[in-house]
Amino acid sequence: MFFNTKKYKEEAEKNRKHNLSEEPSRFNMLLLAILASIAPTRPLLCLHKKHIDDKAVIEEKTGNFEQIPVLYFHGFRGGDYTTNVMVKQALKDKDNPKYLKVTIDLLGNFKLEGTWTNDLHPIVQVVFRQRLIGIYAIDYYLRMLLPFLAQKFHFKNYMAVAHSLACPCVVRTEMRTSRKKNFPRLTKCALIAGPFDGVTYMGDIPNVNGLNANGRPKVINPHYIYLLLRRKRFNPDISVLNIYGNVLDNTNSDKFISVISAKSIRYILAPGAHSYHEVEIRGQKYAEHSWMHDNPFVIKIVDKFIGLTQ
């Protein structure tokens, strides 16, 4: 009756090649995640001298146009392996093998590798070094990362492709920073397997919650209330794609996120968004939470939505 962290770890990391020498210790990840999640303790993270390991190549832009990068975000226990397949297909669709990989830790250190391309939509793969993180820590990551990238690469708007716990954080960050004039603005977001109103057996028990006639969940958690109260801060120029899974077992979920939790964001965003599209992926083989980001059909929909294909 409780969220199975061991099972989630196995599913999330089944295709991952571990390199423990490059990964922070579990103690490091949990400690920094706790400090980043509690507002009064966040100043302690700023006491550390920040280091930028910049190996990125910046191609000179030719032409008078404003670049709008596509940023790929992973969620809890994720890493570059979460978004690798999506990034590779995006590069193939662009017919350009170059992209930028940005690794950030909760102390504010950055590592930049690869290339910031000179085309309309540079591809940026984001990796959170402390990856055992909750919503508040990912929020903290995004509020550090986005202004840093915008200042360095001179863009004002961006598109986001997010998986799992990064999904509500992309929405939260846009709402939270809506009144900051110099903060980069979201134009499109593709949300894949997002837990907007709880995770199964951790605030959301399968087949207990439901949606009313207007699409509002009958049981809402504090994170959902946060989004609900700030829904008018979500820019009406943003287009939203929400993709969720149903493995068609007795849980009505993708094994970790219920259909109700994933669909609940519609009530908040759809009335005010520039456009809102929702896609349900079904079946044991195709709709499992940790397979969704590698599902060719999902990737095809995402790439068409963000404008990389016709």
# chains A, B, ... in the order shown; residues from 1 in each chain; ligands from 1
call {"tool": "select_by_dssp", "arguments": {"residues": "region 85-227 of chain A", "states": "helix (DSSP H, G or I)", "output": "VMD selection string"}}
result
chain A and resid 85 to 94 135 to 153 166 to 176 222 to 227
call {"tool": "residues_around", "arguments": {"residues": "region 71-76 of chain A", "least_positions_apart": "3", "cutoff": "7 Å", "atoms": "only C-alpha atoms", "output": "list in words"}}
result
Gly79, Thr82, Thr83, Ile123, Val124, Gln125, Val126, Arg131, Leu132, Ile133, Gly134, Met159, Ala160, Val161, Ala162, His163, Ser164, Leu165 and Ala166 of chain A
call {"tool": "write_last_selection", "arguments": {"atoms": "all heavy atoms", "output": "compact mmCIF listing (two decimals), in the first residue's frame"}}
result
# COMPACT_ATOMS: atom_id res chain seq x y z
N GLY A 79 18.43 10.94 -15.19
CA GLY A 79 19.77 11.34 -15.59
C GLY A 79 19.79 11.55 -17.09
O GLY A 79 18.74 11.63 -17.74
N THR A 82 17.74 9.26 -19.24
CA THR A 82 16.29 9.47 -19.34
C THR A 82 15.92 10.14 -20.65
O THR A 82 14.93 9.78 -21.30
CB THR A 82 15.80 10.35 -18.17
OG1 THR A 82 16.15 9.73 -16.94
CG2 THR A 82 14.30 10.55 -18.24
N THR A 83 16.72 11.12 -21.06
CA THR A 83 16.37 11.92 -22.24
C THR A 83 17.23 11.61 -23.46
O THR A 83 17.05 12.24 -24.51
CB THR A 83 16.48 13.42 -21.91
OG1 THR A 83 17.80 13.71 -21.42
CG2 THR A 83 15.46 13.81 -20.85
N ILE A 123 19.43 22.45 -29.18
CA ILE A 123 19.00 21.38 -28.28
C ILE A 123 19.88 21.40 -27.04
O ILE A 123 21.11 21.40 -27.13
CB ILE A 123 19.08 20.01 -28.96
CG1 ILE A 123 18.19 19.97 -30.21
CG2 ILE A 123 18.70 18.89 -27.98
CD1 ILE A 123 16.72 20.13 -29.94
N VAL A 124 19.24 21.39 -25.86
CA VAL A 124 19.97 21.43 -24.59
C VAL A 124 19.48 20.29 -23.70
O VAL A 124 18.30 20.24 -23.34
CB VAL A 124 19.78 22.78 -23.86
CG1 VAL A 124 20.59 22.80 -22.57
CG2 VAL A 124 20.17 23.95 -24.76
N GLN A 125 20.38 19.39 -23.35
CA GLN A 125 20.07 18.30 -22.44
C GLN A 125 20.53 18.69 -21.04
O GLN A 125 21.71 18.97 -20.82
CB GLN A 125 20.76 17.01 -22.87
CG GLN A 125 20.44 15.81 -21.99
CD GLN A 125 21.22 14.58 -22.38
OE1 GLN A 125 22.44 14.64 -22.62
NE2 GLN A 125 20.55 13.44 -22.47
N VAL A 126 19.61 18.71 -20.09
CA VAL A 126 19.91 19.13 -18.72
C VAL A 126 20.01 17.91 -17.81
O VAL A 126 19.14 17.03 -17.85
CB VAL A 126 18.84 20.10 -18.19
CG1 VAL A 126 19.13 20.49 -16.75
CG2 VAL A 126 18.77 21.34 -19.08
N ARG A 131 20.31 13.74 -8.06
CA ARG A 131 19.11 13.32 -8.77
C ARG A 131 18.06 12.70 -7.86
O ARG A 131 16.95 12.40 -8.32
CB ARG A 131 19.48 12.36 -9.90
CG ARG A 131 20.21 11.12 -9.43
CD ARG A 131 20.86 10.36 -10.60
NE ARG A 131 21.40 9.08 -10.13
CZ ARG A 131 20.71 7.96 -10.08
NH1 ARG A 131 19.45 7.95 -10.50
NH2 ARG A 131 21.24 6.86 -9.64
N LEU A 132 18.38 12.48 -6.59
CA LEU A 132 17.38 12.01 -5.63
C LEU A 132 16.68 13.24 -5.05
O LEU A 132 16.96 13.68 -3.94
CB LEU A 132 18.03 11.18 -4.52
CG LEU A 132 18.80 9.94 -4.98
CD1 LEU A 132 19.35 9.19 -3.77
CD2 LEU A 132 17.93 9.02 -5.83
N ILE A 133 15.78 13.81 -5.83
CA ILE A 133 15.26 15.13 -5.55
C ILE A 133 13.74 15.16 -5.66
O ILE A 133 13.14 14.41 -6.42
CB ILE A 133 15.84 16.17 -6.54
CG1 ILE A 133 15.88 15.57 -7.96
CG2 ILE A 133 17.20 16.65 -6.10
CD1 ILE A 133 16.35 16.50 -9.03
N GLY A 134 13.15 16.06 -4.88
CA GLY A 134 11.72 16.26 -4.94
C GLY A 134 11.37 17.53 -5.69
O GLY A 134 12.23 18.18 -6.30
N MET A 159 11.63 26.39 -25.00
CA MET A 159 10.65 25.32 -24.98
C MET A 159 11.17 24.23 -24.06
O MET A 159 12.39 24.04 -23.94
CB MET A 159 10.40 24.77 -26.38
CG MET A 159 9.77 25.78 -27.32
SD MET A 159 9.32 25.08 -28.93
CE MET A 159 10.93 24.98 -29.72
N ALA A 160 10.27 23.51 -23.41
CA ALA A 160 10.67 22.48 -22.46
C ALA A 160 10.05 21.14 -22.82
O ALA A 160 8.86 21.07 -23.18
CB ALA A 160 10.26 22.87 -21.03
N VAL A 161 10.87 20.09 -22.72
CA VAL A 161 10.38 18.71 -22.80
C VAL A 161 10.74 18.08 -21.46
O VAL A 161 11.92 17.96 -21.12
CB VAL A 161 11.04 17.94 -23.96
CG1 VAL A 161 10.53 16.50 -23.98
CG2 VAL A 161 10.76 18.63 -25.29
N ALA A 162 9.73 17.71 -20.68
CA ALA A 162 9.96 17.25 -19.32
C ALA A 162 9.36 15.88 -19.09
O ALA A 162 8.30 15.55 -19.64
CB ALA A 162 9.38 18.25 -18.32
N HIS A 163 10.04 15.11 -18.24
CA HIS A 163 9.53 13.78 -17.88
C HIS A 163 9.31 13.70 -16.37
O HIS A 163 10.11 14.23 -15.59
CB HIS A 163 10.52 12.69 -18.31
CG HIS A 163 10.09 11.30 -17.91
ND1 HIS A 163 10.66 10.63 -16.85
CD2 HIS A 163 9.14 10.47 -18.41
CE1 HIS A 163 10.08 9.43 -16.74
NE2 HIS A 163 9.17 9.32 -17.68
N SER A 164 8.23 13.07 -15.99
CA SER A 164 7.95 12.74 -14.60
C SER A 164 7.91 13.98 -13.71
O SER A 164 7.22 14.94 -14.01
CB SER A 164 8.98 11.72 -14.11
OG SER A 164 8.61 11.16 -12.86
N LEU A 165 8.68 13.99 -12.63
CA LEU A 165 8.58 15.06 -11.63
C LEU A 165 9.03 16.41 -12.17
O LEU A 165 8.68 17.45 -11.60
CB LEU A 165 9.42 14.70 -10.40
CG LEU A 165 9.09 15.40 -9.09
CD1 LEU A 165 7.63 15.17 -8.71
CD2 LEU A 165 10.02 14.95 -7.98
N ALA A 166 9.76 16.44 -13.27
CA ALA A 166 10.14 17.72 -13.86
C ALA A 166 8.93 18.43 -14.45
O ALA A 166 8.95 19.66 -14.61
CB ALA A 166 11.20 17.52 -14.94
call {"tool": "atom_distance", "arguments": {"atom1": "CA of Arg42 (chain A)", "atom2": "CA of His154 (chain A)"}}
result
27.3 Å
call {"tool": "closest_residue", "arguments": {"among": "A:Ile138, A:Ala190, A:Val259, A:Ala150", "to": "Cys169 (chain A)", "atoms": "only C-alpha atoms"}}
result
A:Ile138
call {"tool": "closest_residue", "arguments": {"among": "A:Val85, A:Leu30, A:Leu229, A:Ala39", "to": "His293 (chain A)", "atoms": "only C-alpha atoms"}}
result
A:Val85
call {"tool": "select_by_dssp", "arguments": {"residues": "region 20-228 of chain A", "states": "strand (DSSP E)", "output": "count of residues only"}}
result
46
call {"tool": "closest_residue", "arguments": {"among": "A:Pro206, A:Pro296, A:Gly272, A:Pro195", "to": "Pro168 (chain A)", "atoms": "only C-alpha atoms"}}
result
A:Pro195
call {"tool": "residues_around", "arguments": {"residues": "Lys300 (chain A)", "least_positions_apart": "2", "cutoff": "10 Å", "atoms": "only C-alpha atoms", "output": "number ranges by chain"}}
result
A: 86, 89-90, 93, 295-298, 302-305, 308-309
call {"tool": "closest_residue", "arguments": {"among": "A:Leu228, A:Ile299, A:Leu44, A:Leu91", "to": "Ile265 (chain A)", "atoms": "only C-alpha atoms"}}
result
A:Leu228
call {"tool": "residues_around", "arguments": {"residues": "region 238-246 of chain A", "least_positions_apart": "3", "cutoff": "7 Å", "atoms": "only C-alpha atoms", "output": "PDB file with N, CA and C atoms, in the first residue's frame"}}
result
ATOM      1  N   LEU A 186       8.670  30.650 -20.973  1.00  0.00           N
ATOM      2  CA  LEU A 186       8.280  29.405 -21.627  1.00  0.00           C
ATOM      3  C   LEU A 186       7.311  29.697 -22.768  1.00  0.00           C
ATOM      4  N   THR A 187       7.524  29.055 -23.937  1.00  0.00           N
ATOM      5  CA  THR A 187       6.597  29.222 -25.053  1.00  0.00           C
ATOM      6  C   THR A 187       5.816  27.935 -25.339  1.00  0.00           C
ATOM      7  N   LYS A 188       6.486  26.778 -25.191  1.00  0.00           N
ATOM      8  CA  LYS A 188       5.843  25.484 -25.359  1.00  0.00           C
ATOM      9  C   LYS A 188       6.384  24.518 -24.322  1.00  0.00           C
ATOM     10  N   CYS A 189       5.538  23.631 -23.828  1.00  0.00           N
ATOM     11  CA  CYS A 189       6.028  22.597 -22.922  1.00  0.00           C
ATOM     12  C   CYS A 189       5.356  21.266 -23.252  1.00  0.00           C
ATOM     13  N   ALA A 190       6.191  20.247 -23.417  1.00  0.00           N
ATOM     14  CA  ALA A 190       5.718  18.879 -23.614  1.00  0.00           C
ATOM     15  C   ALA A 190       5.927  18.141 -22.308  1.00  0.00           C
ATOM     16  N   LEU A 191       4.850  17.732 -21.678  1.00  0.00           N
ATOM     17  CA  LEU A 191       4.879  17.118 -20.353  1.00  0.00           C
ATOM     18  C   LEU A 191       4.599  15.631 -20.502  1.00  0.00           C
ATOM     19  N   ILE A 192       5.547  14.790 -20.079  1.00  0.00           N
ATOM     20  CA  ILE A 192       5.440  13.351 -20.257  1.00  0.00           C
ATOM     21  C   ILE A 192       5.379  12.667 -18.899  1.00  0.00           C
ATOM     22  N   ALA A 193       4.288  11.989 -18.622  1.00  0.00           N
ATOM     23  CA  ALA A 193       4.110  11.215 -17.386  1.00  0.00           C
ATOM     24  C   ALA A 193       4.269  12.081 -16.141  1.00  0.00           C
ATOM     25  N   ASN A 235       1.354  32.082 -18.484  1.00  0.00           N
ATOM     26  CA  ASN A 235       1.241  32.950 -19.649  1.00  0.00           C
ATOM     27  C   ASN A 235       0.276  32.359 -20.686  1.00  0.00           C
ATOM     28  N   ASN A 252      -5.174   1.726 -13.284  1.00  0.00           N
ATOM     29  CA  ASN A 252      -5.397   2.892 -14.146  1.00  0.00           C
ATOM     30  C   ASN A 252      -4.251   3.892 -14.007  1.00  0.00           C
ATOM     31  N   SER A 253      -3.048   3.405 -14.242  1.00  0.00           N
ATOM     32  CA  SER A 253      -1.851   4.223 -14.084  1.00  0.00           C
ATOM     33  C   SER A 253      -0.785   3.753 -15.057  1.00  0.00           C
ATOM     34  N   ASP A 254       0.365   4.461 -15.042  1.00  0.00           N
ATOM     35  CA  ASP A 254       1.523   4.001 -15.815  1.00  0.00           C
ATOM     36  C   ASP A 254       2.466   3.175 -14.927  1.00  0.00           C
ATOM     37  N   VAL A 259      -3.717   7.925 -13.958  1.00  0.00           N
ATOM     38  CA  VAL A 259      -4.305   8.716 -15.045  1.00  0.00           C
ATOM     39  C   VAL A 259      -4.944   9.991 -14.485  1.00  0.00           C
ATOM     40  N   ALA A 262      -2.216  12.567 -13.670  1.00  0.00           N
ATOM     41  CA  ALA A 262      -1.622  13.122 -14.893  1.00  0.00           C
ATOM     42  C   ALA A 262      -2.593  14.053 -15.621  1.00  0.00           C
ATOM     43  N   ALA A 273      -4.402  28.493 -21.529  1.00  0.00           N
ATOM     44  CA  ALA A 273      -3.253  28.277 -22.399  1.00  0.00           C
ATOM     45  C   ALA A 273      -3.569  28.653 -23.844  1.00  0.00           C
ATOM     46  N   HIS A 274      -2.533  28.967 -24.605  1.00  0.00           N
ATOM     47  CA  HIS A 274      -2.708  29.245 -26.032  1.00  0.00           C
ATOM     48  C   HIS A 274      -3.312  28.031 -26.736  1.00  0.00           C
ATOM     49  N   SER A 275      -2.808  26.854 -26.384  1.00  0.00           N
ATOM     50  CA  SER A 275      -3.392  25.600 -26.847  1.00  0.00           C
ATOM     51  C   SER A 275      -3.077  24.524 -25.829  1.00  0.00           C
ATOM     52  N   TYR A 276      -3.941  23.545 -25.750  1.00  0.00           N
ATOM     53  CA  TYR A 276      -3.730  22.437 -24.819  1.00  0.00           C
ATOM     54  C   TYR A 276      -4.114  21.139 -25.527  1.00  0.00           C
ATOM     55  N   HIS A 277      -3.161  20.220 -25.599  1.00  0.00           N
ATOM     56  CA  HIS A 277      -3.402  18.925 -26.235  1.00  0.00           C
ATOM     57  C   HIS A 277      -3.064  17.816 -25.235  1.00  0.00           C
ATOM     58  N   GLU A 278      -3.843  16.769 -25.274  1.00  0.00           N
ATOM     59  CA  GLU A 278      -3.670  15.671 -24.326  1.00  0.00           C
ATOM     60  C   GLU A 278      -3.668  14.345 -25.082  1.00  0.00           C
ATOM     61  N   VAL A 279      -2.706  13.492 -24.761  1.00  0.00           N
ATOM     62  CA  VAL A 279      -2.587  12.199 -25.437  1.00  0.00           C
ATOM     63  C   VAL A 279      -2.406  11.109 -24.389  1.00  0.00           C
ATOM     64  N   GLU A 280      -3.233  10.075 -24.468  1.00  0.00           N
ATOM     65  CA  GLU A 280      -3.082   8.925 -23.582  1.00  0.00           C
ATOM     66  C   GLU A 280      -2.426   7.784 -24.352  1.00  0.00           C
ATOM     67  N   ILE A 281      -1.354   7.250 -23.778  1.00  0.00           N
ATOM     68  CA  ILE A 281      -0.664   6.086 -24.342  1.00  0.00           C
ATOM     69  C   ILE A 281      -1.123   4.868 -23.551  1.00  0.00           C
ATOM     70  N   ARG A 282      -1.529   3.811 -24.255  1.00  0.00           N
ATOM     71  CA  ARG A 282      -2.109   2.657 -23.568  1.00  0.00           C
ATOM     72  C   ARG A 282      -1.310   1.385 -23.842  1.00  0.00           C
ATOM     73  N   GLY A 283      -1.357   0.484 -22.858  1.00  0.00           N
ATOM     74  CA  GLY A 283      -0.779  -0.839 -23.032  1.00  0.00           C
ATOM     75  C   GLY A 283       0.449  -1.083 -22.181  1.00  0.00           C
ATOM     76  N   ALA A 287       3.124   2.033 -22.365  1.00  0.00           N
ATOM     77  CA  ALA A 287       2.716   3.138 -21.505  1.00  0.00           C
ATOM     78  C   ALA A 287       3.377   3.140 -20.135  1.00  0.00           C
ATOM     79  N   GLU A 288       4.324   2.268 -19.882  1.00  0.00           N
ATOM     80  CA  GLU A 288       4.983   2.212 -18.569  1.00  0.00           C
ATOM     81  C   GLU A 288       5.785   3.491 -18.331  1.00  0.00           C
ATOM     82  N   HIS A 289       5.764   3.967 -17.111  1.00  0.00           N
ATOM     83  CA  HIS A 289       6.316   5.273 -16.750  1.00  0.00           C
ATOM     84  C   HIS A 289       7.737   5.491 -17.256  1.00  0.00           C
TER      85      HIS A 289
END
call {"tool": "atom_distance", "arguments": {"atom1": "CA of Tyr267 (chain A)", "atom2": "CA of Ile301 (chain A)"}}
result
21.9 Å
call {"tool": "residues_around", "arguments": {"residues": "Asp54 (chain A)", "least_positions_apart": "3", "cutoff": "9 Å", "atoms": "only C-alpha atoms", "output": "list in words"}}
result
Val57, Phe110, Lys111, Leu112 and Glu113 of chain A
call {"tool": "closest_residue", "arguments": {"among": "A:Gly210, A:Gly114, A:Pro271, A:Gly203", "to": "Pro222 (chain A)", "atoms": "only C-alpha atoms"}}
result
A:Gly203
call {"tool": "residues_around", "arguments": {"residues": "Met175 (chain A)", "least_positions_apart": "5", "cutoff": "9 Å", "atoms": "only C-alpha atoms", "output": "list in words"}}
result
Val170, Leu227, Arg230, Arg231, Lys232, Arg233, Phe234 and Asn235 of chain A
call {"tool": "atom_distance", "arguments": {"atom1": "CA of Phe256 (chain A)", "atom2": "CA of Ala137 (chain A)"}}
result
20.2 Å
